[in-house]
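Peer 1: One file is attached below, query-v9.pdb, containing PDB, C-alpha atoms.
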```
ATOM      1  CA  MET O   1      53.212 -44.156  -1.065
ATOM      2  CA  HIS O   2      54.657 -42.250   1.874
ATOM      3  CA  LEU O   3      52.456 -39.366   2.996
ATOM      4  CA  THR O   4      53.349 -36.328   5.072
ATOM      5  CA  ARG O   5      51.839 -35.698   8.480
ATOM      6  CA  GLU O   6      48.777 -33.457   8.353
ATOM      7  CA  ASN O   7      50.152 -30.724  10.611
ATOM      8  CA  ASP O   8      53.326 -30.420   8.549
ATOM      9  CA  VAL O   9      51.550 -29.809   5.282
ATOM     10  CA  VAL O  10      52.618 -26.691   3.367
ATOM     11  CA  THR O  11      54.380 -25.121   6.343
ATOM     12  CA  GLY O  12      57.690 -26.710   5.423
ATOM     13  CA  SER O  13      58.221 -28.274   8.850
ATOM     14  CA  ASP O  14      58.600 -31.719   7.326
ATOM     15  CA  LYS O  15      61.555 -30.607   5.210
ATOM     16  CA  GLY O  16      64.365 -31.659   7.536
ATOM     17  CA  SER O  17      66.226 -34.284   5.502
ATOM     18  CA  PRO O  18      69.410 -33.291   3.620
ATOM     19  CA  GLN O  19      67.665 -33.952   0.294
ATOM     20  CA  ASP O  20      64.630 -31.822   1.214
ATOM     21  CA  ILE O  21      66.838 -28.941   2.361
ATOM     22  CA  ALA O  22      68.907 -29.228  -0.820
ATOM     23  CA  ASP O  23      65.718 -29.185  -2.920
ATOM     24  CA  THR O  24      64.462 -26.044  -1.170
ATOM     25  CA  LEU O  25      67.769 -24.225  -1.665
ATOM     26  CA  ARG O  26      67.913 -25.459  -5.255
ATOM     27  CA  GLY O  27      64.489 -23.911  -5.812
ATOM     28  CA  ARG O  28      65.724 -20.561  -4.455
ATOM     29  CA  ILE O  29      68.697 -20.686  -6.817
ATOM     30  CA  ARG O  30      66.640 -21.703  -9.847
ATOM     31  CA  GLY O  31      64.004 -19.080  -9.043
ATOM     32  CA  GLY O  32      66.550 -16.262  -8.777
ATOM     33  CA  GLU O  33      66.141 -15.598  -5.063
ATOM     34  CA  LEU O  34      69.777 -16.641  -4.727
ATOM     35  CA  LYS O  35      71.771 -15.346  -7.704
ATOM     36  CA  LYS O  36      75.086 -16.405  -9.203
ATOM     37  CA  GLY O  37      77.919 -15.437  -6.891
ATOM     38  CA  ASP O  38      75.650 -14.813  -3.872
ATOM     39  CA  LYS O  39      76.709 -16.150  -0.506
ATOM     40  CA  LEU O  40      74.334 -18.610   1.144
ATOM     41  CA  PRO O  41      73.314 -18.065   4.785
ATOM     42  CA  THR O  42      75.715 -19.608   7.291
ATOM     43  CA  GLN O  43      75.303 -23.225   8.346
ATOM     44  CA  ALA O  44      74.072 -22.000  11.716
ATOM     45  CA  GLN O  45      71.415 -19.828  10.060
ATOM     46  CA  LEU O  46      70.277 -22.654   7.785
ATOM     47  CA  ALA O  47      70.190 -25.100  10.705
ATOM     48  CA  GLU O  48      67.949 -22.692  12.615
ATOM     49  CA  GLU O  49      65.676 -22.074   9.615
ATOM     50  CA  PHE O  50      65.106 -25.775   8.944
ATOM     51  CA  GLY O  51      65.228 -26.923  12.569
ATOM     52  CA  VAL O  52      68.050 -29.424  12.014
ATOM     53  CA  GLU O  53      71.613 -30.064  13.131
ATOM     54  CA  ARG O  54      74.518 -28.487  11.242
ATOM     55  CA  GLY O  55      75.604 -31.927  10.033
ATOM     56  CA  THR O  56      72.330 -32.221   8.118
ATOM     57  CA  VAL O  57      72.934 -28.809   6.538
ATOM     58  CA  ARG O  58      76.454 -29.850   5.514
ATOM     59  CA  GLN O  59      75.070 -32.939   3.773
ATOM     60  CA  ALA O  60      72.546 -30.771   1.907
ATOM     61  CA  LEU O  61      75.306 -28.395   0.785
ATOM     62  CA  ARG O  62      77.367 -31.322  -0.483
ATOM     63  CA  ILE O  63      74.400 -32.440  -2.596
ATOM     64  CA  LEU O  64      74.173 -28.989  -4.171
ATOM     65  CA  GLN O  65      77.909 -28.887  -4.761
ATOM     66  CA  GLN O  66      77.750 -32.262  -6.517
ATOM     67  CA  ASP O  67      74.959 -30.836  -8.697
ATOM     68  CA  GLY O  68      77.247 -27.964  -9.698
ATOM     69  CA  LEU O  69      75.155 -25.299  -7.965
ATOM     70  CA  LEU O  70      77.611 -24.245  -5.250
ATOM     71  CA  SER O  71      81.266 -23.358  -4.939
ATOM     72  CA  ASN O  72      83.459 -22.790  -1.873
ATOM     73  CA  THR O  73      81.710 -25.353   0.349
ATOM     74  CA  GLY O  74      84.730 -25.961   2.579
ATOM     75  CA  LYS O  75      85.291 -24.616   6.064
ATOM     76  CA  GLY O  76      85.353 -20.878   6.657
ATOM     77  CA  SER O  77      83.080 -18.490   4.784
ATOM     78  CA  PRO O  78      79.626 -19.626   3.566
ATOM     79  CA  PRO O  79      79.444 -21.246   0.105
ATOM     80  CA  ARG O  80      78.466 -19.199  -2.928
ATOM     81  CA  VAL O  81      76.097 -19.922  -5.775
ATOM     82  CA  ALA O  82      78.215 -21.163  -8.666
ATOM     83  CA  GLU O  83      78.865 -18.734 -11.515
ATOM     84  CA  ALA O  84      77.933 -21.394 -14.070
ATOM     85  CA  VAL O  85      74.627 -22.841 -12.821
ATOM     86  CA  PRO O  86      73.518 -25.871 -14.907
ATOM     87  CA  GLU O  87      70.617 -25.366 -17.276
ATOM     88  CA  PRO O  88      67.273 -25.951 -15.448
ATOM     89  CA  ASP O  89      65.159 -27.043 -18.422
ATOM     90  CA  VAL O  90      66.113 -30.713 -18.156
ATOM     91  CA  PRO O  91      64.470 -33.593 -16.276
ATOM     92  CA  GLN O  92      64.943 -33.199 -12.517
ATOM     93  CA  PRO O  93      63.617 -34.872  -9.366
ATOM     94  CA  THR O  94      60.057 -33.805  -8.564
ATOM     95  CA  THR O  95      60.703 -31.650  -5.511
ATOM     96  CA  ALA O  96      63.619 -29.852  -7.162
ATOM     97  CA  ILE O  97      61.844 -28.739 -10.320
ATOM     98  CA  LEU O  98      58.475 -27.915  -8.751
ATOM     99  CA  HIS O  99      60.056 -25.467  -6.299
ATOM    100  CA  THR O 100      61.329 -23.529  -9.303
ATOM    101  CA  CYS O 101      58.279 -23.820 -11.538
ATOM    102  CA  LEU O 102      55.734 -22.968  -8.836
ATOM    103  CA  LYS O 103      57.694 -19.966  -7.616
ATOM    104  CA  ARG O 104      57.786 -18.668 -11.193
ATOM    105  CA  ALA O 105      54.047 -19.293 -11.549
ATOM    106  CA  PHE O 106      53.312 -17.363  -8.351
ATOM    107  CA  GLU O 107      55.171 -14.298  -9.639
ATOM    108  CA  THR O 108      52.181 -13.508 -11.865
ATOM    109  CA  ARG O 109      49.139 -11.486 -10.816
ATOM    110  CA  ASP O 110      46.653 -14.309 -11.454
ATOM    111  CA  VAL O 111      47.928 -17.801 -10.601
ATOM    112  CA  LEU O 112      46.322 -20.777 -12.365
ATOM    113  CA  ILE O 113      47.409 -24.286 -11.355
ATOM    114  CA  ASP O 114      45.867 -27.493 -12.713
ATOM    115  CA  VAL O 115      47.120 -30.794 -11.310
ATOM    116  CA  ILE O 116      46.583 -34.485 -12.014
ATOM    117  CA  CYS O 117      48.142 -36.621  -9.290
ATOM    118  CA  PHE O 118      47.698 -39.685  -7.108
ATOM    119  CA  THR O 119      47.812 -37.779  -3.816
ATOM    120  CA  ALA O 120      48.569 -34.139  -3.004
ATOM    121  CA  GLU O 121      51.833 -34.908  -1.204
ATOM    122  CA  THR O 122      54.250 -33.549  -3.803
ATOM    123  CA  LEU O 123      52.163 -30.443  -4.484
ATOM    124  CA  ILE O 124      51.942 -29.665  -0.791
ATOM    125  CA  LEU O 125      55.704 -29.825  -0.283
ATOM    126  CA  ALA O 126      56.442 -27.770  -3.389
ATOM    127  CA  LEU O 127      53.973 -25.024  -2.418
ATOM    128  CA  ALA O 128      55.805 -24.330   0.843
ATOM    129  CA  GLU O 129      58.330 -22.007  -0.790
ATOM    130  CA  PRO O 130      55.976 -19.697  -2.754
ATOM    131  CA  LEU O 131      53.617 -19.520   0.232
ATOM    132  CA  ARG O 132      56.508 -18.510   2.456
ATOM    133  CA  LEU O 133      57.354 -15.716   0.015
ATOM    134  CA  ILE O 134      53.723 -14.556  -0.029
ATOM    135  CA  HIS O 135      53.670 -14.393   3.769
ATOM    136  CA  GLU O 136      56.866 -12.325   3.650
ATOM    137  CA  GLY O 137      55.347  -9.969   1.071
ATOM    138  CA  ARG O 138      57.897 -10.881  -1.596
ATOM    139  CA  LEU O 139      55.303 -12.425  -3.905
ATOM    140  CA  ARG O 140      51.962 -10.636  -4.324
ATOM    141  CA  PRO O 141      49.463 -12.519  -6.504
ATOM    142  CA  GLU O 142      45.954 -11.077  -6.571
ATOM    143  CA  SER O 143      44.189 -14.367  -7.277
ATOM    144  CA  ILE O 144      44.923 -18.090  -7.063
ATOM    145  CA  ARG O 145      42.921 -20.833  -8.732
ATOM    146  CA  LEU O 146      43.829 -24.455  -8.071
ATOM    147  CA  ARG O 147      42.066 -27.385  -9.731
ATOM    148  CA  CYS O 148      43.163 -30.889  -8.753
ATOM    149  CA  LEU O 149      42.183 -34.281 -10.201
ATOM    150  CA  VAL O 150      42.790 -37.413  -8.106
ATOM    151  CA  PRO O 151      41.633 -41.061  -8.290
ATOM    152  CA  ALA O 152      38.176 -41.734  -6.852
ATOM    153  CA  ARG O 153      37.943 -43.093  -3.320
ATOM    154  CA  GLY O 154      35.871 -46.161  -4.271
ATOM    155  CA  LEU O 155      38.328 -47.504  -6.837
ATOM    156  CA  ALA O 156      40.251 -50.751  -6.576
ATOM    157  CA  LEU O 157      43.488 -48.803  -6.901
ATOM    158  CA  ALA O 158      46.233 -50.081  -9.191
ATOM    159  CA  PHE O 159      48.763 -49.357  -6.422
ATOM    160  CA  PRO O 160      49.663 -50.007  -3.708
ATOM    161  CA  VAL O 161      48.772 -53.704  -4.039
ATOM    162  CA  PRO O 162      50.186 -56.742  -2.197
ATOM    163  CA  VAL O 163      52.864 -58.733  -3.990
ATOM    164  CA  GLU O 164      51.667 -62.023  -2.515
ATOM    165  CA  GLU O 165      48.158 -63.242  -3.348
ATOM    166  CA  ALA O 166      47.732 -64.389   0.258
ATOM    167  CA  ASP O 167      47.951 -60.741   1.369
ATOM    168  CA  ALA O 168      45.230 -59.591  -1.046
ATOM    169  CA  PRO O 169      42.518 -59.262   1.674
ATOM    170  CA  ARG O 170      44.584 -56.459   3.226
ATOM    171  CA  ALA O 171      44.463 -54.371   0.052
ATOM    172  CA  GLN O 172      41.132 -52.716   0.864
ATOM    173  CA  ALA O 173      42.348 -51.654   4.299
ATOM    174  CA  ILE O 174      45.532 -50.217   2.756
ATOM    175  CA  HIS O 175      43.499 -48.258   0.213
ATOM    176  CA  ARG O 176      41.119 -46.897   2.862
ATOM    177  CA  GLU O 177      44.039 -45.707   4.962
ATOM    178  CA  LEU O 178      45.669 -44.098   1.931
ATOM    179  CA  MET O 179      42.482 -42.300   0.902
ATOM    180  CA  ASP O 180      41.903 -41.074   4.460
ATOM    181  CA  GLN O 181      45.380 -39.566   4.527
ATOM    182  CA  ARG O 182      44.919 -38.087   1.068
ATOM    183  CA  ASP O 183      41.618 -36.441   2.043
ATOM    184  CA  SER O 184      43.269 -35.049   5.165
ATOM    185  CA  GLN O 185      45.954 -33.492   2.995
ATOM    186  CA  LEU O 186      43.411 -32.017   0.590
ATOM    187  CA  ARG O 187      41.508 -30.402   3.471
ATOM    188  CA  VAL O 188      44.650 -28.855   4.913
ATOM    189  CA  LEU O 189      45.819 -27.703   1.472
ATOM    190  CA  ARG O 190      42.520 -25.928   0.862
ATOM    191  CA  SER O 191      42.390 -24.304   4.294
ATOM    192  CA  THR O 192      46.009 -23.152   3.998
ATOM    193  CA  LEU O 193      45.398 -21.491   0.647
ATOM    194  CA  MET O 194      42.110 -19.962   1.806
ATOM    195  CA  ARG O 195      43.885 -18.374   4.780
ATOM    196  CA  LEU O 196      45.758 -16.223   2.272
ATOM    197  CA  THR O 197      42.524 -14.236   1.814
ATOM    198  CA  ARG O 198      42.586 -13.217   5.483
ATOM    199  CA  GLN O 199      46.221 -12.369   6.187
ATOM    200  CA  GLY O 200      46.870  -8.666   6.805
ATOM    201  CA  GLY O 201      48.697  -6.572   4.241
ATOM    202  CA  ASN O 202      49.781  -9.561   2.139
ATOM    203  CA  ARG O 203      46.214 -10.697   1.583
ATOM    204  CA  VAL O 204      45.334 -12.492  -1.679
ATOM    205  CA  ALA O 205      41.975 -11.141  -2.824
ATOM    206  CA  ASP O 206      40.585 -14.232  -4.531
ATOM    207  CA  VAL O 207      41.457 -17.891  -3.829
ATOM    208  CA  ARG O 208      39.527 -20.816  -5.314
ATOM    209  CA  VAL O 209      40.411 -24.467  -4.672
ATOM    210  CA  THR O 210      38.405 -27.237  -6.382
ATOM    211  CA  TYR O 211      38.881 -31.011  -6.352
ATOM    212  CA  ARG O 212      37.385 -33.642  -8.636
ATOM    213  CA  GLU O 213      37.761 -37.432  -8.822
ATOM    214  CA  LEU O 214      38.791 -39.573 -11.769
ATOM    215  CA  PRO O 215      37.400 -43.077 -12.385
ATOM    216  CA  PHE O 216      40.907 -44.527 -12.810
ATOM    217  CA  THR O 217      44.275 -44.670 -11.064
ATOM    218  CA  THR O 218      46.460 -42.145 -12.820
ATOM    219  CA  PRO O 219      49.912 -43.561 -13.690
ATOM    220  CA  VAL O 220      51.364 -40.071 -14.293
ATOM    221  CA  LYS O 221      51.552 -36.705 -12.596
ATOM    222  CA  LEU O 222      50.924 -33.486 -14.481
ATOM    223  CA  TYR O 223      51.216 -29.858 -13.366
ATOM    224  CA  LEU O 224      49.875 -27.119 -15.655
ATOM    225  CA  LEU O 225      51.025 -23.653 -14.615
ATOM    226  CA  ASN O 226      49.317 -20.452 -15.764
ATOM    227  CA  GLY O 227      48.590 -21.988 -19.147
ATOM    228  CA  GLU O 228      52.269 -21.444 -19.950
ATOM    229  CA  GLU O 229      54.001 -24.640 -18.886
ATOM    230  CA  ALA O 230      53.331 -28.359 -18.499
ATOM    231  CA  VAL O 231      55.464 -30.330 -16.046
ATOM    232  CA  PHE O 232      55.046 -34.079 -16.537
ATOM    233  CA  GLY O 233      56.338 -37.249 -14.901
ATOM    234  CA  TYR O 234      55.683 -40.965 -14.538
ATOM    235  CA  TYR O 235      54.895 -42.684 -11.244
ATOM    236  CA  GLN O 236      57.557 -45.380 -11.006
ATOM    237  CA  VAL O 237      56.146 -48.610  -9.556
ATOM    238  CA  GLY O 238      58.426 -50.784  -7.455
ATOM    239  CA  GLU O 239      58.353 -53.316  -4.651
ATOM    240  CA  ARG O 240      58.192 -51.667  -1.234
ATOM    241  CA  PRO O 241      57.339 -52.889   2.286
ATOM    242  CA  ARG O 242      54.229 -51.464   3.907
ATOM    243  CA  GLY O 243      53.081 -51.749   7.505
ATOM    244  CA  THR O 244      49.536 -52.943   8.202
ATOM    245  CA  ALA O 245      47.537 -53.908  11.285
ATOM    246  CA  GLY O 246      48.481 -57.521  10.575
ATOM    247  CA  GLY O 247      52.181 -56.785  10.182
ATOM    248  CA  GLU O 248      54.452 -55.658   7.362
ATOM    249  CA  ILE O 249      53.757 -56.928   3.845
ATOM    250  CA  ARG O 250      55.427 -56.447   0.478
ATOM    251  CA  THR O 251      53.564 -54.248  -1.989
ATOM    252  CA  TYR O 252      53.907 -52.809  -5.444
ATOM    253  CA  ASP O 253      53.787 -49.092  -4.715
ATOM    254  CA  VAL O 254      54.974 -45.713  -5.970
ATOM    255  CA  SER O 255      57.007 -42.898  -4.471
ATOM    256  CA  GLY O 256      55.951 -39.762  -6.300
ATOM    257  CA  HIS O 257      58.423 -37.282  -4.836
ATOM    258  CA  LYS O 258      61.326 -39.265  -6.343
ATOM    259  CA  ALA O 259      59.893 -39.268  -9.864
ATOM    260  CA  MET O 260      61.679 -37.336 -12.597
ATOM    261  CA  LEU O 261      59.691 -34.442 -14.020
ATOM    262  CA  PHE O 262      59.982 -33.069 -17.542
ATOM    263  CA  PRO O 263      59.241 -29.363 -18.174
ATOM    264  CA  PHE O 264      57.476 -28.372 -21.394
ATOM    265  CA  PRO O 265      57.211 -24.575 -21.839
ATOM    266  CA  ARG O 266      54.308 -23.603 -24.074
ATOM    267  CA  SER O 267      56.304 -20.716 -25.515
ATOM    268  CA  ARG O 268      58.654 -23.075 -27.308
ATOM    269  CA  ASP O 269      58.083 -24.087 -30.899
ATOM    270  CA  GLY O 270      57.776 -27.711 -31.894
ATOM    271  CA  ARG O 271      57.074 -30.640 -29.594
ATOM    272  CA  ASP O 272      57.470 -28.862 -26.228
ATOM    273  CA  GLY O 273      54.862 -26.227 -27.002
ATOM    274  CA  ALA O 274      52.524 -28.760 -28.595
ATOM    275  CA  PHE O 275      52.821 -31.075 -25.586
ATOM    276  CA  ALA O 276      51.946 -28.260 -23.168
ATOM    277  CA  GLU O 277      48.952 -27.223 -25.254
ATOM    278  CA  GLU O 278      47.624 -30.761 -25.663
ATOM    279  CA  SER O 279      48.149 -31.480 -21.953
ATOM    280  CA  GLN O 280      45.938 -28.543 -21.038
ATOM    281  CA  LYS O 281      43.272 -29.761 -23.466
ATOM    282  CA  TRP O 282      43.464 -33.248 -21.908
ATOM    283  CA  PHE O 283      43.047 -31.883 -18.392
ATOM    284  CA  ASP O 284      40.130 -29.650 -19.387
ATOM    285  CA  ALA O 285      38.397 -32.546 -21.134
ATOM    286  CA  LEU O 286      38.731 -34.833 -18.099
ATOM    287  CA  TRP O 287      37.553 -32.050 -15.778
ATOM    288  CA  GLU O 288      34.448 -31.283 -17.820
ATOM    289  CA  THR O 289      33.425 -34.869 -18.707
ATOM    290  CA  ILE O 290      34.197 -37.952 -16.615
ATOM    291  CA  ALA O 291      35.503 -36.267 -13.445
ATOM    292  CA  THR O 292      33.081 -35.842 -10.518
ATOM    293  CA  ASP O 293      33.092 -33.335  -7.674
ATOM    294  CA  LEU O 294      35.075 -34.304  -4.579
ATOM    295  CA  THR O 295      34.550 -33.079  -1.044
ATOM    296  CA  PRO O 296      37.346 -34.622   1.071
ATOM    297  CA  SER O 297      35.908 -36.805   3.844
ATOM    298  CA  GLU O 298      36.389 -35.819   7.481
TER
END
```
Would it be possible to restate this file's structure as structure tokens?
Peer 2:
Amino acid sequence: MHLTRENDVVTGSDKGSPQDIADTLRGRIRGGELKKGDKLPTQAQLAEEFGVERGTVRQALRILQQDGLLSNTGKGSPPRVAEAVPEPDVPQPTTAILHTCLKRAFETRDVLIDVICFTAETLILALAEPLRLIHEGRLRPESIRLRCLVPARGLALAFPVPVEEADAPRAQAIHRELMDQRDSQLRVLRSTLMRLTRQGGNRVADVRVTYRELPFTTPVKLYLLNGEEAVFGYYQVGERPRGTAGGEIRTYDVSGHKAMLFPFPRSRDGRDGAFAEESQKWFDALWETIATDLTPSE
């Protein structure tokens, strides 16, 4: 599980890889900020915005072109958003789809977000775009309520765990380090959202952020947005190296930001709508029964 640095949380300053830049631009296209036929900013402007070299921007643009989202990506004038943008309601990588779904959720007056996740890493990265738009005055929610369920600190987590039995004594140290980083992220996430209540003319009147712990390691991630949409994905477990005080070991671990997410709009008839409704019921039941209050440790 690779976690972001605390000072980069939500601000977007850890979004300098070609894939991260492509995901951010994809979110702007999916969310309608960049419309079909619109020119993108120049490579120089994008490089300045993301704090990267132009070569990194070019790689990001190639990714979007391969996805069918851009045309005219050669030299000369900036590329344009393709006239035939692929349908968004299909499984997509986590960061790509959450940029779109969260921006849409933040366009409402009262924003309600319920999350079940292993750490807050993916949520933090995906919130960067709607928060940027709030700061710019382009989104103006009046209230935000975030409820987040995560595995309890004292658990013997299902992952990451050492592959070799001889490395098992290091598992507790790995879990402590992971939980410390997670709690750091949760603190920064809360403080960042609460600052929206104090920012000048774009102030959000009411912000509430609440965390609770689950007595199990969740194998899935679930985002419930405004009671209107469920976005669901599986944590994919694989073998990955992990550095420890005693040297690098092999672990079975997950990388949440690479997971595929499946959108289920509640407005749809049939299985999609039923899944969204039942997912909300499941979250509410966990929240009100076996989950316990969490105050992230300092």
Peer 1: Kindly resolve the PyMOL selection byres ((chain O and resi 180-197) around 9) on the present coordinates and return the residues as a PyMOL selection string.
Peer 2: chain O and resi 3-7+9-11+118-121+124+131+134-135+144+153+175-179+198-200+202-211+295-298
Peer 1: Pick out the closest residue to Val254 of chain O from this set: O:Ser77, O:Thr218, O:Gln65, O:Thr24. Count only C-alpha atoms.
Peer 2: O:Thr218
Peer 1: Within 9 Å of Leu64 of chain O, counting all atoms listed in the file, which residues show up once you throw out same-chain ones fewer than 3 positions away? Write them as a list in words, please.
Peer 2: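 Selected residues are Ala22, Asp23, Leu25, Arg26, Gln59, Ala60, Leu61, Asp67, Gly68, Leu69 and Leu70 of chain O.
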Peer 1: For this file, the PyMOL selection byres ((chain O and resi 223-234) around 9) selects which residues, as number ranges by chain?
Peer 2: O: 94, 97-98, 101-102, 105-106, 108, 110-117, 123, 219-222, 235-236, 256, 259-267, 272-273, 275-277, 279-280, 283
Peer 1: What lies within 10 Å of segment 240-246 of chain O using only C-alpha atoms, ignoring chain neighbours under 3 positions off, as a list in words?
Peer 2: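 Close residues of segment 240-246 of chain O: Met1, His2, Pro160, Val161, Pro162, Val163, Asp167, Arg170, Ala171, Ala173, Ile174, Glu177, Val237, Ile249, Arg250, Thr251, Tyr252, Asp253, Val254 and Ser255 of chain O.
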Peer 1: For a test of reading the model, state the distance in Å between atom CA of Leu46 of chain O and atom CA of Glu83 of chain O, rounded to one decimal.
Peer 2: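 Calculated distance between atom CA of Leu46 of chain O and atom CA of Glu83 of chain O is 21.5 Å.
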Peer 1: For a quick check of understanding, using all atoms listed in the file, which of O:Ala166, O:Gly247, O:Cys148, O:Thr42 has the smallest distance to Asp284 of chain O?
Peer 2: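 The shortest atom-to-atom distance to Asp284 of chain O comes from O:Cys148.
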Peer 1: Smallest atom-to-atom distance to Leu34 of chain O: which of O:Ser17, O:Thr56, O:Thr100, O:Asn72, using only C-alpha atoms?
Peer 2: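 Of all the options, O:Thr100 lies closest to Leu34 of chain O.
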Peer 1: Of the residues O:Leu294, O:Ala158, O:Ile63, O:Leu133, which is the one nearest to Arg28 of chain O, using all atoms listed in the file?
Peer 2: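 For Arg28 of chain O, the nearest of the candidates is O:Leu133.
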Peer 1: Please measure the separation of atom CA of Lys35 of chain O and atom CA of Arg138 of chain O, giving the value in Å to one decimal.
Peer 2: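 These atoms are spaced 15.8 Å apart.
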Peer 1: Compile the contact shell of Ser71 of chain O as a PDB file with C-alpha atoms, in the frame of the given file: residues with an atom at most 7 Å away, counting all atoms listed in the file, same-chain residues fewer than 3 positions apart removed.
Peer 2:
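Dumped everything to result_28.pdb:
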```pdb
ATOM      1  CA  GLN O  65      77.909 -28.887  -4.761  1.00  0.00           C
ATOM      2  CA  PRO O  79      79.444 -21.246   0.105  1.00  0.00           C
ATOM      3  CA  ARG O  80      78.466 -19.199  -2.928  1.00  0.00           C
ATOM      4  CA  VAL O  81      76.097 -19.922  -5.775  1.00  0.00           C
ATOM      5  CA  ALA O  82      78.215 -21.163  -8.666  1.00  0.00           C
TER       6      ALA O  82
END
```
Peer 1: Need the neighbours of (39.4, -47.1, -9.6): which residues are at most 8 Å away, counting all atoms listed in the file, as a list in words?
Peer 2: Pro151, Ala152, Arg153, Gly154, Leu155, Ala156, Leu157, Ala158, Leu214, Pro215, Phe216 and Thr217 of chain O
Peer 1: Restricted to C-alpha atoms, what would the selected residues look like written as a compact mmCIF listing (two decimals), in the frame of the given file?
Peer 2:
```txt
# COMPACT_ATOMS: atom_id res chain seq x y z
CA PRO O 151 41.63 -41.06 -8.29
CA ALA O 152 38.18 -41.73 -6.85
CA ARG O 153 37.94 -43.09 -3.32
CA GLY O 154 35.87 -46.16 -4.27
CA LEU O 155 38.33 -47.50 -6.84
CA ALA O 156 40.25 -50.75 -6.58
CA LEU O 157 43.49 -48.80 -6.90
CA ALA O 158 46.23 -50.08 -9.19
CA LEU O 214 38.79 -39.57 -11.77
CA PRO O 215 37.40 -43.08 -12.38
CA PHE O 216 40.91 -44.53 -12.81
CA THR O 217 44.28 -44.67 -11.06
```
Peer 1: In terms of the shortest atom-to-atom distance over all atoms listed in the file, which of O:Ala47, O:Leu40, O:Glu107, O:Glu248 is closest to Gly137 of chain O?
Peer 2: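 Counting all atoms listed in the file, the residue closest to Gly137 of chain O is O:Glu107.
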Peer 1: Work out how far apart atom CA of Arg132 of chain O and atom CA of Arg145 of chain O are and give it in Å to one decimal.
Peer 2: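 Taking atom CA of Arg132 of chain O and atom CA of Arg145 of chain O, their separation equals 17.8 Å.
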